[in-house]
Amino acid sequence: MRLTQETTVFCTALGRELHRRRVAASLSLNRLAEMSGLSQPMIGFIEKGTSVPTVASLYRIARALGVGVGEIVAAVDAAVAEARQNTRA
């Protein structure tokens with residue numbers, strides 16, 4: 001699947017946000033994988049922005065991090081809006 005520029009920006013921001021939250025929670029990739037039921041490589045790909053998670057996968061990661069999907073999406077949406085502003089300036 002080929003990603004559009006906007007989707008790539010979103011996936012990169014999502015990966016950064018998930019990585020930030022995982023590190024803040026002092027969780028290793030392995031531990032988050034165990035807690036979410038996803039594989040370590042999959043979480044790594046999502047954090048790098050090279051994989052687009054399903055809603056179910058994002059839900060499982062969010063639950064493992066102790067937050068709601070909406071909270072993560074809101075933070076990512078703000079980062080994407082900021083990136084858009086920076087490219088227009």
# chains A, B, ... in the order shown; residues from 1 in each chain; ligands from 1
$ residues_around --residues "Ile46 of chain A" --least-positions-apart "5" --cutoff "10 Å" --atoms "only C-alpha atoms" --output "list in words"
Cys11, Thr12, Leu14, Gly15, Arg16, Leu18, His19, Gln40, Pro41, Ser51, Val52, Pro53, Ser57 and Leu58 of chain A
$ write_last_selection --atoms "N, CA and C atoms" --output "mmCIF file, in the first residue's frame"
data_model
loop_
_atom_site.group_PDB
_atom_site.id
_atom_site.type_symbol
_atom_site.label_atom_id
_atom_site.label_comp_id
_atom_site.auth_asym_id
_atom_site.auth_seq_id
_atom_site.Cartn_x
_atom_site.Cartn_y
_atom_site.Cartn_z
ATOM 1 N N CYS A 11 1.371 9.080 10.243
ATOM 2 C CA CYS A 11 1.992 7.862 10.791
ATOM 3 C C CYS A 11 3.291 8.173 11.525
ATOM 4 N N THR A 12 4.063 9.107 11.009
ATOM 5 C CA THR A 12 5.294 9.513 11.681
ATOM 6 C C THR A 12 4.978 10.163 13.020
ATOM 7 N N LEU A 14 2.238 9.761 14.778
ATOM 8 C CA LEU A 14 1.677 8.725 15.644
ATOM 9 C C LEU A 14 2.799 7.897 16.262
ATOM 10 N N GLY A 15 3.746 7.500 15.467
ATOM 11 C CA GLY A 15 4.871 6.725 15.972
ATOM 12 C C GLY A 15 5.648 7.464 17.040
ATOM 13 N N ARG A 16 5.889 8.735 16.798
ATOM 14 C CA ARG A 16 6.614 9.546 17.790
ATOM 15 C C ARG A 16 5.834 9.654 19.091
ATOM 16 N N LEU A 18 3.515 7.566 20.286
ATOM 17 C CA LEU A 18 3.499 6.274 20.978
ATOM 18 C C LEU A 18 4.851 5.990 21.624
ATOM 19 N N HIS A 19 5.925 6.301 20.914
ATOM 20 C CA HIS A 19 7.262 6.117 21.474
ATOM 21 C C HIS A 19 7.444 6.990 22.723
ATOM 22 N N GLN A 40 6.635 -7.465 19.053
ATOM 23 C CA GLN A 40 7.621 -6.406 19.233
ATOM 24 C C GLN A 40 7.971 -5.741 17.895
ATOM 25 N N PRO A 41 8.219 -6.529 16.835
ATOM 26 C CA PRO A 41 8.510 -5.865 15.552
ATOM 27 C C PRO A 41 7.369 -4.957 15.071
ATOM 28 N N SER A 51 4.592 1.545 9.567
ATOM 29 C CA SER A 51 3.422 0.672 9.518
ATOM 30 C C SER A 51 2.206 1.443 10.012
ATOM 31 N N VAL A 52 1.097 1.246 9.355
ATOM 32 C CA VAL A 52 -0.158 1.898 9.736
ATOM 33 C C VAL A 52 -0.937 0.915 10.612
ATOM 34 N N PRO A 53 -1.120 1.248 11.893
ATOM 35 C CA PRO A 53 -1.837 0.298 12.756
ATOM 36 C C PRO A 53 -3.331 0.292 12.455
ATOM 37 N N SER A 57 -5.443 -2.430 16.780
ATOM 38 C CA SER A 57 -4.064 -2.429 17.295
ATOM 39 C C SER A 57 -3.786 -1.159 18.086
ATOM 40 N N LEU A 58 -4.228 -0.028 17.576
ATOM 41 C CA LEU A 58 -4.039 1.233 18.283
ATOM 42 C C LEU A 58 -4.768 1.197 19.627
#
$ select_by_dssp --residues "segment 7-84 of chain A" --states "alpha helix (DSSP H)" --output "ChimeraX atom specification"
/A:7-24,29-36,40-48,55-65,69-84
$ residues_around --residues "Asn30 of chain A" --least-positions-apart "4" --cutoff "12 Å" --atoms "only C-alpha atoms" --output "ChimeraX atom specification"
/A:22,26,34-44
$ residues_around --residues "Ile72 of chain A" --least-positions-apart "2" --cutoff "8 Å" --atoms "only C-alpha atoms" --output "number ranges by chain"
A: 14, 17-18, 62, 67-70, 74-76
$ closest_residue --among "A:Ala64, A:Arg88, A:Ala78, A:Val23" --to "Glu47 of chain A" --atoms "only C-alpha atoms"
A:Val23
$ atom_distance --atom1 "atom CA of Tyr59 of chain A" --atom2 "atom CA of Ala13 of chain A"
16.6 Å
